[in-house]
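Shown next: target32.txt, containing compact mmCIF, C-alpha atoms.
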```txt
# COMPACT_ATOMS: atom_id res chain seq x y z
CA MET E 1 -11.92 -37.42 -5.95
CA LYS E 2 -9.14 -34.83 -6.15
CA PHE E 3 -8.46 -35.97 -9.73
CA LEU E 4 -11.91 -34.68 -10.73
CA LYS E 5 -10.90 -31.17 -9.62
CA TYR E 6 -7.98 -30.90 -12.04
CA PRO E 7 -10.06 -29.70 -15.04
CA PHE E 8 -11.68 -27.05 -12.80
CA TRP E 9 -8.30 -25.83 -11.54
CA ILE E 10 -6.94 -25.59 -15.10
CA LEU E 11 -9.96 -23.59 -16.28
CA TYR E 12 -9.87 -21.45 -13.13
CA ARG E 13 -6.27 -20.42 -13.83
CA ILE E 14 -6.99 -19.66 -17.50
CA TRP E 15 -10.08 -17.68 -16.47
CA PHE E 16 -7.94 -15.59 -14.11
CA TYR E 17 -5.68 -14.41 -16.95
CA VAL E 18 -8.70 -13.68 -19.12
CA LEU E 19 -10.11 -11.51 -16.34
CA VAL E 20 -6.77 -9.74 -15.91
CA ALA E 21 -6.55 -8.87 -19.61
CA LEU E 22 -10.17 -8.10 -20.49
CA PRO E 23 -10.71 -4.87 -18.49
CA ILE E 24 -7.26 -3.61 -19.51
CA ILE E 25 -8.28 -3.99 -23.16
CA ILE E 26 -11.67 -2.34 -22.56
CA LEU E 27 -10.26 0.52 -20.49
CA PHE E 28 -7.07 0.91 -22.54
CA PRO E 29 -7.69 4.47 -23.82
CA PHE E 30 -8.56 5.71 -20.33
CA LEU E 31 -5.57 3.91 -18.81
CA ILE E 32 -3.21 5.47 -21.35
CA VAL E 33 -4.50 8.95 -20.51
CA SER E 34 -4.28 8.29 -16.75
CA ILE E 35 -0.56 7.45 -16.89
CA ALA E 36 0.37 10.36 -19.16
CA LYS E 37 1.22 12.57 -16.17
CA GLU E 38 2.16 11.66 -12.59
CA ARG E 39 -0.37 14.10 -11.14
CA TRP E 40 -3.15 12.11 -12.84
CA TYR E 41 -2.22 8.96 -10.88
CA PRO E 42 -5.30 9.17 -8.58
CA PHE E 43 -7.45 8.68 -11.70
CA PHE E 44 -5.39 5.62 -12.66
CA PHE E 45 -5.81 4.34 -9.10
CA LYS E 46 -9.61 4.47 -9.45
CA LEU E 47 -9.41 2.52 -12.70
CA ALA E 48 -7.09 -0.01 -11.04
CA ARG E 49 -9.66 -0.54 -8.28
CA ILE E 50 -12.35 -1.22 -10.91
CA TRP E 51 -9.97 -3.69 -12.60
CA SER E 52 -9.32 -5.42 -9.26
CA LYS E 53 -12.99 -5.77 -8.34
CA PHE E 54 -13.77 -7.11 -11.82
CA ILE E 55 -11.14 -9.85 -11.40
CA LEU E 56 -12.08 -10.87 -7.86
CA ILE E 57 -15.83 -10.91 -8.51
CA GLY E 58 -15.30 -12.72 -11.81
CA MET E 59 -13.39 -15.43 -9.95
CA GLY E 60 -16.18 -15.84 -7.43
CA LEU E 61 -14.19 -14.18 -4.66
CA GLY E 62 -15.83 -11.88 -2.14
CA TRP E 63 -14.10 -9.86 0.56
CA LYS E 64 -14.70 -8.90 4.17
CA ILE E 65 -12.59 -6.07 5.58
CA THR E 66 -12.21 -5.49 9.32
CA LYS E 67 -10.74 -2.14 10.39
CA LEU E 68 -9.23 -1.53 13.82
CA GLN E 69 -8.40 2.04 12.82
CA ASN E 70 -9.69 4.26 10.03
CA LEU E 71 -7.49 5.94 7.45
CA GLU E 72 -7.54 9.71 7.06
CA LYS E 73 -8.37 10.76 3.53
CA GLY E 74 -5.51 12.64 1.89
CA LYS E 75 -2.88 11.41 4.34
CA SER E 76 0.14 9.32 3.29
CA TYR E 77 0.77 5.88 4.78
CA MET E 78 3.05 2.88 4.36
CA PHE E 79 0.81 -0.13 3.70
CA ILE E 80 2.33 -3.57 4.35
CA ALA E 81 0.80 -7.04 4.17
CA ASN E 82 1.75 -10.70 4.03
CA HIS E 83 2.44 -11.92 0.49
CA THR E 84 0.85 -15.21 -0.48
CA SER E 85 -0.76 -14.98 -3.91
CA MET E 86 -1.07 -13.28 -7.28
CA ILE E 87 -4.34 -11.78 -6.07
CA ASP E 88 -2.61 -9.85 -3.25
CA ILE E 89 -2.32 -6.87 -5.59
CA MET E 90 -6.03 -6.91 -6.42
CA LEU E 91 -7.11 -7.37 -2.82
CA MET E 92 -4.88 -4.52 -1.63
CA LEU E 93 -6.40 -2.21 -4.25
CA VAL E 94 -9.89 -3.20 -3.11
CA THR E 95 -9.01 -2.77 0.58
CA ILE E 96 -7.68 0.80 0.33
CA LYS E 97 -10.22 3.18 -1.14
CA ASP E 98 -9.50 6.86 -0.43
CA ASN E 99 -5.71 6.91 -0.10
CA PRO E 100 -4.15 6.29 -3.53
CA PHE E 101 -0.91 4.36 -3.19
CA VAL E 102 1.95 3.19 -5.37
CA PHE E 103 3.26 -0.36 -5.22
CA VAL E 104 6.95 -1.07 -4.76
CA GLY E 105 7.44 -4.38 -6.51
CA LYS E 106 9.90 -6.67 -8.24
CA LYS E 107 10.86 -5.73 -11.78
CA GLU E 108 10.12 -9.25 -13.11
CA LEU E 109 6.36 -8.53 -13.12
CA ALA E 110 6.95 -5.91 -15.82
CA LYS E 111 7.50 -8.79 -18.25
CA ILE E 112 3.87 -9.94 -18.04
CA PRO E 113 2.14 -9.06 -21.33
CA LEU E 114 -0.27 -6.11 -21.19
CA PHE E 115 -0.30 -5.95 -17.37
CA GLY E 116 3.44 -5.29 -17.36
CA PHE E 117 3.07 -2.27 -19.65
CA PHE E 118 1.10 -0.38 -16.99
CA TYR E 119 2.89 -1.97 -14.05
CA LYS E 120 6.29 -0.57 -14.98
CA ARG E 121 4.84 2.89 -15.67
CA THR E 122 2.91 3.24 -12.42
CA CYS E 123 4.83 1.19 -9.83
CA ILE E 124 8.26 1.64 -8.32
CA LEU E 125 10.29 -1.29 -9.61
CA VAL E 126 13.17 -2.78 -7.67
CA ASP E 127 15.90 -5.26 -8.53
CA ARG E 128 16.66 -6.69 -5.09
CA SER E 129 20.04 -7.95 -6.29
CA SER E 130 21.17 -4.42 -7.12
CA ALA E 131 22.14 -1.91 -4.42
CA LYS E 132 21.78 0.89 -6.98
CA SER E 133 18.21 -0.19 -7.76
CA ARG E 134 17.30 -0.35 -4.06
CA GLN E 135 18.67 3.17 -3.56
CA ALA E 136 16.64 4.45 -6.53
CA VAL E 137 13.49 3.18 -4.82
CA PHE E 138 13.99 5.67 -2.00
CA ILE E 139 14.29 8.56 -4.44
CA ARG E 140 11.17 7.62 -6.42
CA ALA E 141 9.17 6.88 -3.27
CA GLN E 142 10.11 10.26 -1.83
CA ARG E 143 8.75 12.01 -4.91
CA ARG E 144 5.48 10.08 -4.71
CA LEU E 145 5.08 10.77 -0.99
CA GLN E 146 5.71 14.47 -1.57
CA SER E 147 2.86 14.46 -4.10
CA GLY E 148 0.49 13.16 -1.41
CA LEU E 149 0.40 9.49 -2.36
CA SER E 150 0.98 6.48 -0.11
CA ILE E 151 3.29 3.51 -0.64
CA CYS E 152 2.52 -0.22 -0.52
CA ILE E 153 5.22 -2.84 -0.01
CA PHE E 154 4.99 -6.58 0.64
CA PRO E 155 7.97 -6.66 3.01
CA GLU E 156 8.67 -10.38 2.72
CA GLY E 157 10.06 -9.50 -0.69
CA LEU E 158 8.79 -12.78 -2.13
CA VAL E 159 6.03 -15.31 -1.82
CA PRO E 160 7.30 -17.79 0.80
CA GLU E 161 7.27 -21.55 0.42
CA GLU E 162 3.98 -23.31 1.08
CA ASP E 163 5.08 -24.48 4.53
CA VAL E 164 6.25 -20.99 5.62
CA LEU E 165 3.50 -19.00 7.27
CA LEU E 166 5.31 -15.65 7.16
CA ALA E 167 8.86 -15.04 5.92
CA ASP E 168 11.22 -12.50 7.48
CA PHE E 169 10.58 -8.89 6.52
CA LYS E 170 13.05 -6.73 4.59
CA ASP E 171 13.88 -3.36 6.16
CA GLY E 172 13.12 -1.08 3.18
CA ALA E 173 9.49 -0.27 3.98
CA PHE E 174 10.33 0.60 7.56
CA ARG E 175 13.30 2.79 6.69
CA LEU E 176 11.13 4.70 4.24
CA ALA E 177 8.36 5.14 6.79
CA ILE E 178 10.74 6.42 9.45
CA LYS E 179 12.52 8.77 7.07
CA HIS E 180 9.26 10.32 5.88
CA GLU E 181 7.46 10.07 9.23
CA ILE E 182 4.44 8.23 7.85
CA PRO E 183 2.50 5.58 9.80
CA ILE E 184 2.96 1.89 9.10
CA VAL E 185 -0.40 0.19 8.40
CA PRO E 186 -0.08 -3.58 8.94
CA ILE E 187 -2.66 -5.57 6.98
CA THR E 188 -3.37 -9.30 7.24
CA PHE E 189 -4.61 -11.34 4.26
CA TYR E 190 -5.98 -14.60 5.69
CA ASP E 191 -7.27 -16.58 2.73
CA ASN E 192 -5.36 -15.65 -0.43
CA LYS E 193 -3.07 -18.68 -0.28
CA THR E 194 -6.07 -20.99 0.07
CA ARG E 195 -8.12 -19.34 -2.66
CA PHE E 196 -5.41 -18.71 -5.27
CA SER E 197 -1.88 -19.73 -4.32
CA TYR E 198 1.11 -20.18 -6.61
CA THR E 199 0.45 -23.93 -6.49
CA PHE E 200 -1.24 -24.50 -9.85
CA PHE E 201 -3.67 -27.26 -8.86
CA SER E 202 -5.34 -25.50 -5.95
CA GLY E 203 -7.81 -22.77 -5.07
CA GLY E 204 -11.39 -21.87 -5.76
CA PRO E 205 -14.13 -19.30 -5.10
CA GLY E 206 -14.91 -18.09 -1.61
CA MET E 207 -14.43 -15.26 0.88
CA LEU E 208 -11.23 -13.26 1.33
CA ARG E 209 -10.87 -11.88 4.85
CA VAL E 210 -8.76 -8.80 5.51
CA LYS E 211 -7.82 -7.01 8.71
CA ILE E 212 -6.41 -3.48 8.87
CA HIS E 213 -4.55 -3.31 12.18
CA GLU E 214 -3.89 -0.29 14.34
CA PHE E 215 -1.24 1.94 12.83
CA LEU E 216 2.35 2.17 14.04
CA GLU E 217 3.49 5.79 14.26
CA THR E 218 7.03 6.65 13.20
CA LYS E 219 7.41 10.36 14.01
CA HIS E 220 9.28 9.65 17.24
CA LEU E 221 11.59 7.04 15.66
CA GLU E 222 15.12 7.18 14.27
CA ILE E 223 16.70 5.06 11.55
CA GLU E 224 18.30 3.00 14.32
CA ASP E 225 14.77 1.86 15.26
CA THR E 226 14.20 0.23 11.85
CA LYS E 227 14.73 -3.35 12.98
CA GLN E 228 12.48 -2.96 16.03
CA LEU E 229 9.71 -1.48 13.86
CA ASN E 230 10.22 -4.33 11.41
CA ASN E 231 9.91 -6.96 14.15
CA THR E 232 6.86 -5.31 15.73
CA SER E 233 5.04 -5.12 12.39
CA ARG E 234 5.82 -8.72 11.51
CA GLU E 235 4.71 -9.95 14.93
CA ILE E 236 1.30 -8.26 14.51
CA ILE E 237 0.62 -10.08 11.25
CA LEU E 238 2.17 -13.36 12.38
CA GLN E 239 0.07 -13.54 15.54
CA GLU E 240 -3.05 -12.86 13.48
CA LEU E 241 -2.22 -15.65 11.04
CA GLN E 242 -1.63 -18.07 13.93
CA THR E 243 -5.06 -17.47 15.52
```

What is this file in structure tokens?
Amino acid sequence: MKFLKYPFWILYRIWFYVLVALPIIILFPFLIVSIAKERWYPFFFKLARIWSKFILIGMGLGWKITKLQNLEKGKSYMFIANHTSMIDIMLMLVTIKDNPFVFVGKKELAKIPLFGFFYKRTCILVDRSSAKSRQAVFIRAQRRLQSGLSICIFPEGLVPEEDVLLADFKDGAFRLAIKHEIPIVPITFYDNKTRFSYTFFSGGPGMLRVKIHEFLETKHLEIEDTKQLNNTSREIILQELQT
């Protein structure tokens, strides 16, 4: 019976890349204008949300977002979530509406045709093997935070193996949050691995559940508290995934 699903899975994967490329082609002139100046980033963010919804809806994926605390419009945050799928980026953009954020992500994604062109011009890229690159992230993130934007990091730093529910978190997101005294917003993605994992022959349409947890304040913390903040944040998401 599973054999009969293989043609669907192949077409589903091809359809995903069509959906990724199509709105970029259609919106290309507007996207080019939106990245011309950093202060126009909020306009790019709105276009990115349209792109994300187009992809998820086109793949037959809906979303249900539960909020334990509401975001304040115009305030900067550090958004973190578990990393399980290529659609994590799209779902994060759909989840956060009124607080434009910049992704901190691995430089390898910049090699993806068309998508990579805008990715490397709007995101903060990091080479995790380079200490110099990791240091540059802090400088670029500081400039974005000072302009009123938020930051989004998947702190696992990678998509874990299929049998790993949640990998250990890197400290970068938490150091940044403490240094700039912005709240950590833990977010749980429940279904992304089931709906569209990195395993080629898997996935399918359905609902994507999201939970925005209560925020973790950092104003009273010092850099020495980084590891504790890291562990607390990870435990929130891990417990949610285990329920």

Counting only C-alpha atoms, note down every residue that has an atom within 12 Å of the point (-1.5, -8.4, -0.6) (file coordinates), as a ChimeraX atom specification. /E:79-96,103-105,152-159,186-193,196-197,208-212

Writer output for current selection, C-alpha atoms, as a CSV table (one decimal), in the coordinates of the input:
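As written to disk, out-v3.csv reads:
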```csv
chain,number,residue,atom,x,y,z
E,79,PHE,CA,0.8,-0.1,3.7
E,80,ILE,CA,2.3,-3.6,4.4
E,81,ALA,CA,0.8,-7.0,4.2
E,82,ASN,CA,1.8,-10.7,4.0
E,83,HIS,CA,2.4,-11.9,0.5
E,84,THR,CA,0.8,-15.2,-0.5
E,85,SER,CA,-0.8,-15.0,-3.9
E,86,MET,CA,-1.1,-13.3,-7.3
E,87,ILE,CA,-4.3,-11.8,-6.1
E,88,ASP,CA,-2.6,-9.8,-3.2
E,89,ILE,CA,-2.3,-6.9,-5.6
E,90,MET,CA,-6.0,-6.9,-6.4
E,91,LEU,CA,-7.1,-7.4,-2.8
E,92,MET,CA,-4.9,-4.5,-1.6
E,93,LEU,CA,-6.4,-2.2,-4.2
E,94,VAL,CA,-9.9,-3.2,-3.1
E,95,THR,CA,-9.0,-2.8,0.6
E,96,ILE,CA,-7.7,0.8,0.3
E,103,PHE,CA,3.3,-0.4,-5.2
E,104,VAL,CA,7.0,-1.1,-4.8
E,105,GLY,CA,7.4,-4.4,-6.5
E,152,CYS,CA,2.5,-0.2,-0.5
E,153,ILE,CA,5.2,-2.8,0.0
E,154,PHE,CA,5.0,-6.6,0.6
E,155,PRO,CA,8.0,-6.7,3.0
E,156,GLU,CA,8.7,-10.4,2.7
E,157,GLY,CA,10.1,-9.5,-0.7
E,158,LEU,CA,8.8,-12.8,-2.1
E,159,VAL,CA,6.0,-15.3,-1.8
E,186,PRO,CA,-0.1,-3.6,8.9
E,187,ILE,CA,-2.7,-5.6,7.0
E,188,THR,CA,-3.4,-9.3,7.2
E,189,PHE,CA,-4.6,-11.3,4.3
E,190,TYR,CA,-6.0,-14.6,5.7
E,191,ASP,CA,-7.3,-16.6,2.7
E,192,ASN,CA,-5.4,-15.6,-0.4
E,193,LYS,CA,-3.1,-18.7,-0.3
E,196,PHE,CA,-5.4,-18.7,-5.3
E,197,SER,CA,-1.9,-19.7,-4.3
E,208,LEU,CA,-11.2,-13.3,1.3
E,209,ARG,CA,-10.9,-11.9,4.8
E,210,VAL,CA,-8.8,-8.8,5.5
E,211,LYS,CA,-7.8,-7.0,8.7
E,212,ILE,CA,-6.4,-3.5,8.9
```

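Distances from E:Phe200, E:Ala177, E:Phe43, E:Lys73 to Leu11 (chain E) were compared using only C-alpha atoms, and the smallest one belongs to E:Phe200.
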
Top pick for closest residue to Leu114 (chain E), considering E:Ile182, E:Leu166, E:Ile32, E:Leu68 and counting only C-alpha atoms: E:Ile32

Polymer residues at most 12 Å from Gln228 (chain E), only C-alpha atoms, same-chain spacing of 2 or more positions, as a ChimeraX atom specification: /E:169,171,174-175,178,216,218,221-226,230-235

Generate the output file for the selected residues, C-alpha atoms, as an mmCIF file, keeping the file's coordinate frame.
```cif
data_model
loop_
_atom_site.group_PDB
_atom_site.id
_atom_site.type_symbol
_atom_site.label_atom_id
_atom_site.label_comp_id
_atom_site.auth_asym_id
_atom_site.auth_seq_id
_atom_site.Cartn_x
_atom_site.Cartn_y
_atom_site.Cartn_z
ATOM 1 C CA PHE E 169 10.580 -8.890 6.520
ATOM 2 C CA ASP E 171 13.880 -3.360 6.160
ATOM 3 C CA PHE E 174 10.330 0.600 7.560
ATOM 4 C CA ARG E 175 13.300 2.790 6.690
ATOM 5 C CA ILE E 178 10.740 6.420 9.450
ATOM 6 C CA LEU E 216 2.350 2.170 14.040
ATOM 7 C CA THR E 218 7.030 6.650 13.200
ATOM 8 C CA LEU E 221 11.590 7.040 15.660
ATOM 9 C CA GLU E 222 15.120 7.180 14.270
ATOM 10 C CA ILE E 223 16.700 5.060 11.550
ATOM 11 C CA GLU E 224 18.300 3.000 14.320
ATOM 12 C CA ASP E 225 14.770 1.860 15.260
ATOM 13 C CA THR E 226 14.200 0.230 11.850
ATOM 14 C CA ASN E 230 10.220 -4.330 11.410
ATOM 15 C CA ASN E 231 9.910 -6.960 14.150
ATOM 16 C CA THR E 232 6.860 -5.310 15.730
ATOM 17 C CA SER E 233 5.040 -5.120 12.390
ATOM 18 C CA ARG E 234 5.820 -8.720 11.510
ATOM 19 C CA GLU E 235 4.710 -9.950 14.930
#
```

Let me have the centre and edge lengths in Å, one decimal, of the box along x, y and z around every listed atom of region 95-110 of chain E with 5 Å of margin on each side, as JSON.
```
{"center_x": 0.3, "center_y": -1.2, "center_z": -7.6, "size_x": 31.1, "size_y": 26.2, "size_z": 26.4}
```

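In this model, the gap between CA of Tyr12 (chain E) and CA of Gly60 (chain E) comes to 10.2 Å.
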
Just the residues within 9 Å of Gly148 (chain E), please, counting all atoms listed in the file, with nothing from its chain fewer than 2 positions along; format it as a VMD selection string. chain E and resid 74 to 76 99 to 100 144 to 146 150

Please report the interatomic distance between CA of Lys227 (chain E) and CA of Glu72 (chain E) in Å with one decimal.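 According to the coordinates, CA of Lys227 (chain E) and CA of Glu72 (chain E) are separated by 26.5 Å.
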
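The residue that comes closest to Pro42 (chain E), out of E:Ala167, E:Ile112, E:Leu238, E:Val102 and on the basis of only C-alpha atoms, is E:Val102.
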
Show me the residues close to (-6.0, 2.1, 11.3) - anything with an atom within 6 Å, counting all atoms listed in the file - and format the list as a ChimeraX atom specification. /E:68-71,213-215

So how far away is CA of Gly116 (chain E) from CA of Trp15 (chain E), in Å? 18.4 Å

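Residues in contact with region 122-124 of chain E at 10 Å, where only C-alpha atoms are counted and same-chain residues fewer than 4 positions away are skipped, are listed as Ser34, Ile35, Glu38, Tyr41, Phe44, Phe45, Phe101, Val102, Phe103, Val104, Gly105, Lys106, Lys107, Ala110, Gly116, Phe117, Phe118, Ala136, Val137, Phe138, Ile139, Arg140, Ala141, Arg144, Ile151, Cys152 and Ile153 of chain E.
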
Rank E:Trp40, E:Phe115, E:Trp9, E:Phe3 by their smallest atom-to-atom distance to Phe201 (chain E), using all atoms listed in the file, and report the top residue only.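 Ranking E:Trp40, E:Phe115, E:Trp9, E:Phe3 by distance to Phe201 (chain E), first place goes to E:Trp9.
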
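The closest residue to Glu161 (chain E), picked from E:Tyr198, E:Met59, E:Leu31, E:Glu217 and counting all atoms listed in the file, is E:Tyr198.
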
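With distances restricted to all atoms listed in the file, E:Leu56 is the closest residue to Met207 (chain E) from E:Ala173, E:Leu56, E:Leu4, E:Leu241.
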
Fix up region 113-142 of chain E with N, CA and C atoms, then write it as a PDB file, in the frame of the given file.
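Ended up saving to rebuild28.pdb:
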```
ATOM      1  N   PRO E 113       2.765  -9.780 -20.218  1.00  0.00           N
ATOM      2  CA  PRO E 113       2.140  -9.060 -21.330  1.00  0.00           C
ATOM      3  C   PRO E 113       0.945  -8.223 -20.877  1.00  0.00           C
ATOM      4  N   LEU E 114       0.826  -7.049 -21.423  1.00  0.00           N
ATOM      5  CA  LEU E 114      -0.270  -6.110 -21.190  1.00  0.00           C
ATOM      6  C   LEU E 114      -0.247  -5.540 -19.772  1.00  0.00           C
ATOM      7  N   PHE E 115      -0.378  -6.395 -18.761  1.00  0.00           N
ATOM      8  CA  PHE E 115      -0.300  -5.950 -17.370  1.00  0.00           C
ATOM      9  C   PHE E 115       1.023  -5.246 -17.105  1.00  0.00           C
ATOM     10  N   GLY E 116       2.107  -5.840 -17.608  1.00  0.00           N
ATOM     11  CA  GLY E 116       3.440  -5.290 -17.360  1.00  0.00           C
ATOM     12  C   GLY E 116       3.635  -3.904 -17.933  1.00  0.00           C
ATOM     13  N   PHE E 117       2.963  -3.598 -19.024  1.00  0.00           N
ATOM     14  CA  PHE E 117       3.070  -2.270 -19.650  1.00  0.00           C
ATOM     15  C   PHE E 117       2.682  -1.179 -18.664  1.00  0.00           C
ATOM     16  N   PHE E 118       1.569  -1.373 -17.959  1.00  0.00           N
ATOM     17  CA  PHE E 118       1.100  -0.380 -16.990  1.00  0.00           C
ATOM     18  C   PHE E 118       1.828  -0.511 -15.650  1.00  0.00           C
ATOM     19  N   TYR E 119       2.191  -1.727 -15.315  1.00  0.00           N
ATOM     20  CA  TYR E 119       2.890  -1.970 -14.050  1.00  0.00           C
ATOM     21  C   TYR E 119       4.192  -1.176 -13.978  1.00  0.00           C
ATOM     22  N   LYS E 120       4.994  -1.233 -15.031  1.00  0.00           N
ATOM     23  CA  LYS E 120       6.290  -0.570 -14.980  1.00  0.00           C
ATOM     24  C   LYS E 120       6.181   0.952 -15.116  1.00  0.00           C
ATOM     25  N   ARG E 121       5.026   1.449 -15.540  1.00  0.00           N
ATOM     26  CA  ARG E 121       4.840   2.890 -15.670  1.00  0.00           C
ATOM     27  C   ARG E 121       4.154   3.518 -14.458  1.00  0.00           C
ATOM     28  N   THR E 122       3.632   2.693 -13.577  1.00  0.00           N
ATOM     29  CA  THR E 122       2.910   3.240 -12.420  1.00  0.00           C
ATOM     30  C   THR E 122       3.499   2.784 -11.081  1.00  0.00           C
ATOM     31  N   CYS E 123       4.254   1.710 -11.083  1.00  0.00           N
ATOM     32  CA  CYS E 123       4.830   1.190  -9.830  1.00  0.00           C
ATOM     33  C   CYS E 123       6.303   1.561  -9.733  1.00  0.00           C
ATOM     34  N   ILE E 124       6.834   1.429  -8.545  1.00  0.00           N
ATOM     35  CA  ILE E 124       8.260   1.640  -8.320  1.00  0.00           C
ATOM     36  C   ILE E 124       8.923   0.272  -8.368  1.00  0.00           C
ATOM     37  N   LEU E 125       9.712   0.029  -9.404  1.00  0.00           N
ATOM     38  CA  LEU E 125      10.290  -1.290  -9.610  1.00  0.00           C
ATOM     39  C   LEU E 125      11.642  -1.393  -8.909  1.00  0.00           C
ATOM     40  N   VAL E 126      11.912  -2.565  -8.378  1.00  0.00           N
ATOM     41  CA  VAL E 126      13.170  -2.780  -7.670  1.00  0.00           C
ATOM     42  C   VAL E 126      13.798  -4.101  -8.088  1.00  0.00           C
ATOM     43  N   ASP E 127      15.090  -4.054  -8.333  1.00  0.00           N
ATOM     44  CA  ASP E 127      15.900  -5.260  -8.530  1.00  0.00           C
ATOM     45  C   ASP E 127      16.614  -5.502  -7.214  1.00  0.00           C
ATOM     46  N   ARG E 128      16.142  -6.473  -6.446  1.00  0.00           N
ATOM     47  CA  ARG E 128      16.660  -6.690  -5.090  1.00  0.00           C
ATOM     48  C   ARG E 128      18.118  -7.132  -5.081  1.00  0.00           C
ATOM     49  N   SER E 129      18.635  -7.550  -6.226  1.00  0.00           N
ATOM     50  CA  SER E 129      20.040  -7.950  -6.290  1.00  0.00           C
ATOM     51  C   SER E 129      20.973  -6.774  -6.551  1.00  0.00           C
ATOM     52  N   SER E 130      20.377  -5.593  -6.787  1.00  0.00           N
ATOM     53  CA  SER E 130      21.170  -4.420  -7.120  1.00  0.00           C
ATOM     54  C   SER E 130      21.031  -3.349  -6.046  1.00  0.00           C
ATOM     55  N   ALA E 131      22.149  -2.970  -5.431  1.00  0.00           N
ATOM     56  CA  ALA E 131      22.140  -1.910  -4.420  1.00  0.00           C
ATOM     57  C   ALA E 131      21.732  -0.575  -5.039  1.00  0.00           C
ATOM     58  N   LYS E 132      22.137  -0.347  -6.282  1.00  0.00           N
ATOM     59  CA  LYS E 132      21.780   0.890  -6.980  1.00  0.00           C
ATOM     60  C   LYS E 132      20.275   0.974  -7.187  1.00  0.00           C
ATOM     61  N   SER E 133      19.651  -0.142  -7.554  1.00  0.00           N
ATOM     62  CA  SER E 133      18.210  -0.190  -7.760  1.00  0.00           C
ATOM     63  C   SER E 133      17.470   0.076  -6.450  1.00  0.00           C
ATOM     64  N   ARG E 134      17.947  -0.546  -5.366  1.00  0.00           N
ATOM     65  CA  ARG E 134      17.300  -0.350  -4.060  1.00  0.00           C
ATOM     66  C   ARG E 134      17.393   1.105  -3.617  1.00  0.00           C
ATOM     67  N   GLN E 135      18.511   1.762  -3.913  1.00  0.00           N
ATOM     68  CA  GLN E 135      18.670   3.170  -3.560  1.00  0.00           C
ATOM     69  C   GLN E 135      17.723   4.038  -4.382  1.00  0.00           C
ATOM     70  N   ALA E 136      17.530   3.686  -5.660  1.00  0.00           N
ATOM     71  CA  ALA E 136      16.640   4.450  -6.530  1.00  0.00           C
ATOM     72  C   ALA E 136      15.198   4.404  -6.044  1.00  0.00           C
ATOM     73  N   VAL E 137      14.831   3.304  -5.377  1.00  0.00           N
ATOM     74  CA  VAL E 137      13.490   3.180  -4.820  1.00  0.00           C
ATOM     75  C   VAL E 137      13.214   4.309  -3.833  1.00  0.00           C
ATOM     76  N   PHE E 138      14.169   4.622  -2.997  1.00  0.00           N
ATOM     77  CA  PHE E 138      13.990   5.670  -2.000  1.00  0.00           C
ATOM     78  C   PHE E 138      13.743   7.023  -2.662  1.00  0.00           C
ATOM     79  N   ILE E 139      14.445   7.277  -3.749  1.00  0.00           N
ATOM     80  CA  ILE E 139      14.290   8.560  -4.440  1.00  0.00           C
ATOM     81  C   ILE E 139      12.913   8.673  -5.080  1.00  0.00           C
ATOM     82  N   ARG E 140      12.480   7.616  -5.764  1.00  0.00           N
ATOM     83  CA  ARG E 140      11.170   7.620  -6.420  1.00  0.00           C
ATOM     84  C   ARG E 140      10.037   7.646  -5.402  1.00  0.00           C
ATOM     85  N   ALA E 141      10.206   6.906  -4.319  1.00  0.00           N
ATOM     86  CA  ALA E 141       9.170   6.880  -3.270  1.00  0.00           C
ATOM     87  C   ALA E 141       9.034   8.254  -2.625  1.00  0.00           C
ATOM     88  N   GLN E 142      10.160   8.931  -2.431  1.00  0.00           N
ATOM     89  CA  GLN E 142      10.110  10.260  -1.830  1.00  0.00           C
ATOM     90  C   GLN E 142       9.307  11.220  -2.695  1.00  0.00           C
TER      91      GLN E 142
END
```
